[in-house]
Structure formats: C-alpha cells, structure tokens
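Enquirer: Below you'll find the structure I mean.
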Amino acid sequence: MKRGTDLLLRSLGFLLERPLLFRALKPYLGWLRRKNPAPNLAQFSYRTTLENIATLYGREKPVVWASLFFPAEFIYALDGAPFYPEIAAGLLAALGWGNIALARAEAHWFSPDLCSYHRLSVGASILRFFPRPSMLLATSSICRGTVPFFETLSEKLQVPLYLVDVPGEYSRDTVRYVTAQLATIAQTIRSNAKSTWDFERPFGYTQKTIAILQEIENLRKKEEVMLLPPTKNLDYLPYYYQFMGSETALVFFEKLREHLRHTPPQTLPHRLLWLHLKPFYSGVLSTLLGEFGLGVAFEEFAAVYSGELDPRRPFLSLAEKIVATSYEFADPTARLRRIVRWLSEYHAEGVIQFNQWGCRQSQGMNAVLQRSLRREGIPVLFLDGDHLDRRHHAEEQWRTRLQAFTEMLKP
Amino acid sequence: MYVAGLDIGSQSTCAVVWDGTRICGFSLLQSGVNPRQRAEEALERALQEAGISRKALFRVVATGYGRYQVEADLRVSEISCQARGVSFFFPEAQTVIDIGGQDSKVILLSPKTGKVLDFIMNDKCAAGTGRFLELMAQVLEIDLSDYGTLTEQSREEVTLSSTCAVFAESELVGLIAQGKDRADLASAVCQAVAQRVVRMAERLGFVPPLAVTGGVAQNQGVLHFLEQETGLKISVPPQPLLTGALGACLVT
C-alpha cells in the first residue's frame, strides 16, 4: 500500500476513535428531527444511519458486536448498542471501501478463500473502522465460519466473547440447552458489568414490529405488489436484524407498510424468490434483473421469527428464536419446506440463489434444492459470485444466466 | 422468409441464413478484437452464399457473448439457441454439452421442441473450456487438431492432478521435464477437460441422448473421453460451431 494511502487510513482510524467528534452530530440530528417530524422512508433511513453512527462511534452506550443470528433484543435489554459486523461489512462494500478492508485482512494472512463478510470485517477491525466493542456475542448457528471469526475478533480486539452453541435440531431439549447458555451469559455479564436487564421494552417493540411485518408480507403476497428495484428489500437488512427490538425497526416498517399501501401498483413480469443475499458493492445485478423482467416477490433473509417473546421467560423466548431460526435456515428439509410454501404464498414461479463464495450454508444445499425443486417443476438458478468482494464479479456471466433463465420461464 | 442468426463467441463468429426450411448460407470467422465488425463481415459472407441481400431478411437474431455489441432485431442467450440448434439436427436429444472458447455449459432440453428445461455453466476458471486446450497445446507445442491423433497414440495413462489452467500448465511443464511422452500428455489434457465437463453434467443430472457442440466438439480426443466418462454414444452435429447461429434463426 502506498505511504500516502496508509497515512490517510491511519488518520481515518484515529478520527473514528474520537467519541467527541460524533457526539457533535447530536445538535444536527436534533435539528433534523424538528425540521421534519414526519420523514418519509428514505429520509428516515438517512436519519437512522446518522443516529446510529453517533451512538456507536460516540460511545454513548456499551457497543456490543453480535453475529447475524444473535437476537438484538438481548443487547437492547442490556441497554447496549448492537453492532453487527457482517451487516457493517455490507455497508462498507456498498460505500466502495470493501477492497481496502479486504486487502488489509489478506495482508494479515487471512486467506482470500475465507468468506468475505468475515475477511472484510477483520480488515475493517484492523483498520479501526468499526466502533470498538465492549464484548462480543455469537451463535454457532447456520454459518460454520462464525465461531472462528468471532474468536479471531476477540483475540484481535482483546474483548470477551460469549458464544452460544446451537444444535442443528429443533426440540425441547435443544431449546433448553440454549436457554441455559443464555442465562449463564447474562449472569456473567451482569456480575462483570453490574448491568441491569429490561426485556419488556425490546420484546414489546419486536412484537409490534412483527405485527407490522405480517401486514407488509400480506401486501407483498398480492400479485400487483412488488418492492422495486429487484432485491431492494435486502438493503433494509439492518432493520430486520440490528434494529429488531427497538423503536427504529418499528417506525421503519410502519413507513415501509405505508409506502407499499400508497405507491401505485408496480410489478415486473416474473415473480421470484430470492435465497441468500446479493452483491452489495454494485447495483448491476439489480439492473439486470429489472432488464429481464425478473422481480423479487420475497427474500429468504426477510423471514423473521414470529413466535411470542415473553419478558417473564426471556431466555427461553430468545432460545426458541435462535434454535427455530437456525433450524429453518440450515436444515435442508425445513428450508425446502419453507421455500415451497413461499412459492405458493407469493405466487412466485422460480427461485434464484446468489451463491456467496465459500459459503457452506447456501452452496451446501444446492444439490438438494435443485433436485427437489425441479421435481416440483420449479425453475431454480444459482448465480455464483461474492456479495462483498468485487474481484469475483462477472457481469457478462450473470447476464447470460439471467437471460437464459428468463427464456426458461416464458411459457 | 429469410432469417439470419449470428453467434458471436469469444473465439469464433458464425452467421447462418435460414430460408424457412434449410440453411442456405453460412460463414465462420475468428472473432478477433472487433466482434461488431467481424459479425458484419460474417453476415455479409453468409448472405453472399445464400445469394440474397440484407433487405431480404425478415430479421436478424444475435446470440453469444457479443450479442449486445451488434445490431439485431432480437437477442437471445446462447443457451436457448444451442438447445434449438441441436434439436434441429437431433430431435430426440435431451442433453447438450457445449464447450466453447471461454465457457462450457450443459443444457437439459425437451425432446422435439428444444425448449430449455435446465442448464449449468462452468465457473470463471478457463479449465474445461477450449481456451484450456489452446494453452496446453502451446506448452506441448502441438496444433489443436493434433489432440485426436495423439490421444489415439497414447500408451500410458497420465493424470493431471488439477484442471486449474494455471496450475495445469506448470504441472505439464514438470511432466515434460520428467520425459513423459507427448501423446500421453495430450491425452491427459483431453481427459482433464472431459472429466471436468462430465462432473458438471452429473451435477445437473444429464439424460441421454447426448449431443456435443462448440469448437471442442471437433476435438476427437475430448470426444473419446466424454464417451468414456459418460458411457454414452455422443452425437455431434455436422457443423458443431454453427448450432448456436442456427438456433438463433429458429427461436420464436
């Protein structure tokens, strides 16, 4: 790396660790709220992003990093500020900074064969781009790379890691096993940090948010309703995970529901299910999908746990959420059952999965998905690439596959 | 009613003129660095052979990786076009293996209609494509047309441990240094390509009858190993480089 660039990155890392700079955003945010008390969806997203930056980098609350499937309600109950490095990695890639962080990780011996969500997060941590955490929380569910990734982060950042081992099976015993782990982790945190816990508020927000999400999904099941451009909903991922259990998610989804209710019907000729995530560093794929009339009716990652969260039994409720989510995503039979159900509910005629380079969870099931769905007469397309690392980008290959897939869908 | 099909591939550009019942003109050129110009040239030659002017064409359909770089009334993926083209020659075919210059694909199709049921394409590595055969031919200092004869002459089985184009090249250099026979090495290269493509076909679940198209369909060494690996008799169209352009004429 050139000396000038290196100096710039060091300076940026230094500035990102100055909380006062970010607390200075508060007056502007206050003014923004007063100026526009009823923002639309885009204005609300902008404000949320700034508020989130001010909270995380201003260190107003203990910053807690978590793996994607660790419920944010646990962190809100602790009055912490949740930070999901895998989500932040997507954001960094979208901002065009992905390759810098990836290069830094590779320079520190993190192989390009590793999942880019983890590699990029490690690189960004080394560069001090991410807000420094007080602790790390992770589950072993769904993604096999998560545990070593968080162990690496714990070692690099010198902060405690609390791991939850999640069995693949969904049963009373496995839920009980996870419940006990959550209770032990909570007790350890409480005795170390003298924290108090309030599950009532985050659980309340989640229950209300789930109700709104169900209304949104009922709207999306109508053939004349579609979120555009295709895969747009995956840009809202932080609201499904990081902000779940907060007022932010509730307000956001209320606005999304209003957007869907009041936007004139807009659709594309083909309705599809989208499995796994998408490249965040470029909008080319979305443009190609639109060009070929391939719309996304529903996304696998927008499937949220809708079971009851009971503040009287918080660890049992969260354990249910963790184990059920893990089972639905990672068990081939359960995953397939869900896909077939969504195909019917959303009037979708086919499935696209964007395979993330090196991802066992998604690619490991390709054979099962392809054979089972073909038996049902459902076309399925696997696109290969990387969600964050643009070096694996092959636009022409996507174009040919998408066009051929569209031609297959035509009656 | 005349229709022209243009297949602009990474290595060759083909033009076919179809009069509704038969191919009445065709041409085949190297794609070179200016696919648009080469496609125009190929079309002109095919029209000359057909003895008609461009005005007589009802429409021009483009396919292949360069389909968006040429003027055409319709652009269709090479996957649909290959399926239709093969179906014309072999109406009962249910699987097509197309090995082109820069990619390879396996297509499942409906017999008679040629409608694509499913397909799979190779990843971004050059292994399993015509480009791999070209690179290895350079290392072995042979012509592409020598692969078939050399495979026949091969006496000892040599296995290339990797079909990554770059690693295979260094492996081949090492085997040459060990004094391995050139015929055995040429045979190993053909086998490596066939194995890689057949593994891909197995992932899709190929169904006989099986047809092979693309430039590599002219390579007798690869065809030999494709038959060996699949245990099936393989059909090759009379002009395996033209099926894409012919299919472009036939799409509705």
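Within each chain, counting starts at residue 1; across the structure tokens, chains are named A, B, ... in the order shown, with ligands numbered 1 upward in that order.
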Enumerate as a VMD selection string the residues belonging to chain A that approach chain B to within 6 Å, with only C-alpha atoms taken into account.
Expert: chain A and resid 400 403 to 404 408
Enquirer: Would you output that residue set with N, CA and C atoms, as an mmCIF file, in the first residue's frame?
Expert:
data_model
loop_
_atom_site.group_PDB
_atom_site.id
_atom_site.type_symbol
_atom_site.label_atom_id
_atom_site.label_comp_id
_atom_site.auth_asym_id
_atom_site.auth_seq_id
_atom_site.Cartn_x
_atom_site.Cartn_y
_atom_site.Cartn_z
ATOM 1 N N THR A 400 -25.820 -13.683 -19.093
ATOM 2 C CA THR A 400 -26.181 -14.874 -19.865
ATOM 3 C C THR A 400 -27.071 -15.801 -19.052
ATOM 4 N N GLN A 403 -30.563 -14.192 -18.589
ATOM 5 C CA GLN A 403 -31.351 -14.188 -19.826
ATOM 6 C C GLN A 403 -31.862 -15.599 -20.134
ATOM 7 N N ALA A 404 -30.971 -16.591 -20.007
ATOM 8 C CA ALA A 404 -31.385 -17.978 -20.274
ATOM 9 C C ALA A 404 -32.474 -18.409 -19.287
ATOM 10 N N MET A 408 -36.286 -19.587 -20.027
ATOM 11 C CA MET A 408 -36.863 -20.834 -19.497
ATOM 12 C C MET A 408 -38.229 -20.581 -18.874
#
Enquirer: If you count only C-alpha atoms, which residues fall within 8 Å of region 42-54 of chain B, apart from same-chain ones fewer than 4 positions away, as a VMD selection string?
Expert: chain B and resid 4 6 13 to 17 24 to 29 38
Enquirer: Give me the residues near Ile339 (chain A) as a list in words, where near means some atom within 9 Å (using only C-alpha atoms) and where sequence neighbours in that chain fewer than 2 positions away do not count.
Expert: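 Close residues of Ile339 (chain A): Leu273, Leu275, Glu300, Ala334, Arg335, Leu336, Arg337, Arg341, Trp342, Leu343, Ser344 and Val351 of chain A.
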Enquirer: Write the residues of the preceding selection, restricted to N, CA and C atoms, as an mmCIF file, in the first residue's frame.
Expert:
data_model
loop_
_atom_site.group_PDB
_atom_site.id
_atom_site.type_symbol
_atom_site.label_atom_id
_atom_site.label_comp_id
_atom_site.auth_asym_id
_atom_site.auth_seq_id
_atom_site.Cartn_x
_atom_site.Cartn_y
_atom_site.Cartn_z
ATOM 1 N N LEU A 273 -38.503 -15.979 -5.901
ATOM 2 C CA LEU A 273 -37.987 -15.985 -4.525
ATOM 3 C C LEU A 273 -36.492 -15.756 -4.580
ATOM 4 N N LEU A 275 -32.967 -16.319 -2.619
ATOM 5 C CA LEU A 275 -32.325 -17.002 -1.499
ATOM 6 C C LEU A 275 -30.945 -16.417 -1.247
ATOM 7 N N GLU A 300 -35.466 -14.719 1.310
ATOM 8 C CA GLU A 300 -35.304 -15.649 2.433
ATOM 9 C C GLU A 300 -34.872 -14.919 3.718
ATOM 10 N N ALA A 334 -36.248 -28.558 6.311
ATOM 11 C CA ALA A 334 -37.026 -27.414 6.797
ATOM 12 C C ALA A 334 -36.916 -26.241 5.826
ATOM 13 N N ARG A 335 -35.719 -26.036 5.307
ATOM 14 C CA ARG A 335 -35.509 -24.909 4.387
ATOM 15 C C ARG A 335 -36.353 -25.105 3.120
ATOM 16 N N LEU A 336 -36.311 -26.320 2.608
ATOM 17 C CA LEU A 336 -37.047 -26.621 1.389
ATOM 18 C C LEU A 336 -38.555 -26.468 1.596
ATOM 19 N N ARG A 337 -39.015 -26.925 2.754
ATOM 20 C CA ARG A 337 -40.453 -26.826 3.054
ATOM 21 C C ARG A 337 -40.897 -25.359 3.041
ATOM 22 N N ARG A 341 -43.476 -23.415 0.417
ATOM 23 C CA ARG A 341 -44.629 -22.672 0.951
ATOM 24 C C ARG A 341 -44.624 -21.225 0.440
ATOM 25 N N TRP A 342 -43.445 -20.592 0.454
ATOM 26 C CA TRP A 342 -43.363 -19.206 -0.024
ATOM 27 C C TRP A 342 -43.713 -19.114 -1.513
ATOM 28 N N LEU A 343 -43.246 -20.095 -2.272
ATOM 29 C CA LEU A 343 -43.539 -20.073 -3.715
ATOM 30 C C LEU A 343 -45.046 -19.987 -3.942
ATOM 31 N N SER A 344 -45.771 -20.731 -3.145
ATOM 32 C CA SER A 344 -47.223 -20.730 -3.300
ATOM 33 C C SER A 344 -47.817 -19.421 -2.758
ATOM 34 N N VAL A 351 -36.955 -19.653 -8.459
ATOM 35 C CA VAL A 351 -36.080 -19.325 -7.330
ATOM 36 C C VAL A 351 -34.705 -18.930 -7.852
#
Enquirer: Got a sec to tell me which of region 38-122 of chain A DSSP assigns to strand (DSSP E), as a list in words?
Expert: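 Strand (DSSP E) assignments inside region 38-122 of chain A correspond to Val63, Val64, Trp65, Ala66, Ala81, Pro82 and Phe83 of chain A.
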Enquirer: Could you write those residues out with N, CA and C atoms, as a PDB file, in the first residue's frame?
Expert:
ATOM      1  N   VAL A  63     -20.894  -0.676  23.292  1.00  0.00           N
ATOM      2  CA  VAL A  63     -21.102  -1.247  21.958  1.00  0.00           C
ATOM      3  C   VAL A  63     -20.902  -2.756  22.046  1.00  0.00           C
ATOM      4  N   VAL A  64     -21.905  -3.493  21.580  1.00  0.00           N
ATOM      5  CA  VAL A  64     -21.841  -4.957  21.631  1.00  0.00           C
ATOM      6  C   VAL A  64     -21.915  -5.497  20.207  1.00  0.00           C
ATOM      7  N   TRP A  65     -20.863  -6.191  19.807  1.00  0.00           N
ATOM      8  CA  TRP A  65     -20.869  -6.806  18.473  1.00  0.00           C
ATOM      9  C   TRP A  65     -21.556  -8.167  18.565  1.00  0.00           C
ATOM     10  N   ALA A  66     -22.312  -8.474  17.531  1.00  0.00           N
ATOM     11  CA  ALA A  66     -23.003  -9.765  17.536  1.00  0.00           C
ATOM     12  C   ALA A  66     -22.989 -10.381  16.146  1.00  0.00           C
ATOM     13  N   ALA A  81     -25.564  -0.924  22.620  1.00  0.00           N
ATOM     14  CA  ALA A  81     -25.758  -0.523  21.225  1.00  0.00           C
ATOM     15  C   ALA A  81     -25.295  -1.688  20.345  1.00  0.00           C
ATOM     16  N   PRO A  82     -26.241  -2.385  19.694  1.00  0.00           N
ATOM     17  CA  PRO A  82     -25.833  -3.542  18.893  1.00  0.00           C
ATOM     18  C   PRO A  82     -25.096  -3.136  17.624  1.00  0.00           C
ATOM     19  N   PHE A  83     -24.089  -3.908  17.305  1.00  0.00           N
ATOM     20  CA  PHE A  83     -23.332  -3.679  16.073  1.00  0.00           C
ATOM     21  C   PHE A  83     -23.088  -5.038  15.443  1.00  0.00           C
TER      22      PHE A  83
END
Enquirer: What lies within 12 Å of Ser121 (chain A) using only C-alpha atoms, ignoring chain neighbours under 5 positions off, as a PDB file with C-alpha atoms, in the first residue's frame?
Expert:
ATOM      1  CA  TRP A  65     -20.869  -6.806  18.473  1.00  0.00           C
ATOM      2  CA  SER A  67     -23.197 -12.381  14.825  1.00  0.00           C
ATOM      3  CA  PHE A  83     -23.332  -3.679  16.073  1.00  0.00           C
ATOM      4  CA  TYR A  84     -23.379  -6.469  13.506  1.00  0.00           C
ATOM      5  CA  PRO A  85     -20.001  -6.645  11.713  1.00  0.00           C
ATOM      6  CA  GLU A  86     -21.475  -8.769   8.897  1.00  0.00           C
ATOM      7  CA  ILE A  87     -24.069  -6.058   8.186  1.00  0.00           C
ATOM      8  CA  ALA A  88     -21.477  -3.301   8.529  1.00  0.00           C
ATOM      9  CA  ALA A  89     -19.251  -5.192   6.078  1.00  0.00           C
ATOM     10  CA  GLY A  90     -22.064  -4.992   3.510  1.00  0.00           C
ATOM     11  CA  LEU A  91     -22.412  -1.274   4.132  1.00  0.00           C
ATOM     12  CA  LEU A  92     -18.678  -0.728   3.757  1.00  0.00           C
ATOM     13  CA  ALA A  93     -18.713  -2.632   0.460  1.00  0.00           C
ATOM     14  CA  TRP A  97     -14.395   0.726   0.818  1.00  0.00           C
ATOM     15  CA  GLY A  98     -14.661  -3.041   0.715  1.00  0.00           C
ATOM     16  CA  ASN A  99     -11.499  -3.760  -1.213  1.00  0.00           C
ATOM     17  CA  ILE A 100      -9.355  -1.676   1.158  1.00  0.00           C
ATOM     18  CA  ALA A 101     -10.533  -3.683   4.161  1.00  0.00           C
ATOM     19  CA  LEU A 102     -10.229  -6.985   2.271  1.00  0.00           C
ATOM     20  CA  ALA A 103      -6.686  -6.125   1.233  1.00  0.00           C
ATOM     21  CA  ARG A 104      -5.758  -5.299   4.822  1.00  0.00           C
ATOM     22  CA  ALA A 105      -7.088  -8.654   6.058  1.00  0.00           C
ATOM     23  CA  GLU A 106      -5.238 -10.531   3.318  1.00  0.00           C
ATOM     24  CA  PHE A 110      -6.472 -14.067   6.136  1.00  0.00           C
ATOM     25  CA  LEU A 114     -12.469 -17.212   3.588  1.00  0.00           C
ATOM     26  CA  CYS A 115     -15.965 -15.758   3.459  1.00  0.00           C
ATOM     27  CA  SER A 116     -15.690 -12.088   2.509  1.00  0.00           C
ATOM     28  CA  ILE A 126      -7.548  -3.892  11.916  1.00  0.00           C
ATOM     29  CA  LEU A 127      -8.037  -0.513  10.233  1.00  0.00           C
ATOM     30  CA  ARG A 128     -10.101   0.599  13.278  1.00  0.00           C
ATOM     31  CA  PHE A 129     -13.042   1.476  11.004  1.00  0.00           C
ATOM     32  CA  PHE A 130     -15.558  -0.274  13.241  1.00  0.00           C
ATOM     33  CA  PRO A 131     -16.576   1.095  16.677  1.00  0.00           C
ATOM     34  CA  THR A 146     -18.965 -17.542  12.568  1.00  0.00           C
ATOM     35  CA  PHE A 149     -14.437 -15.457  13.010  1.00  0.00           C
ATOM     36  CA  PHE A 150     -15.613 -14.181  16.386  1.00  0.00           C
ATOM     37  CA  THR A 152     -10.362 -14.141  15.915  1.00  0.00           C
ATOM     38  CA  LEU A 153     -12.089 -10.826  16.629  1.00  0.00           C
ATOM     39  CA  LYS A 156      -7.505  -9.152  17.924  1.00  0.00           C
ATOM     40  CA  LEU A 388     -18.695  -8.059  -0.999  1.00  0.00           C
TER      41      LEU A 388
END
Enquirer: Neighbouring residues of region 327-333 of chain A were defined as those with any atom within 9 Å, considering only C-alpha atoms; residues of the same chain fewer than 6 positions away were excluded. Please report them as a PyMOL selection string.
Expert: chain A and resi 141-143+167-170+300+361-362+365+368-369
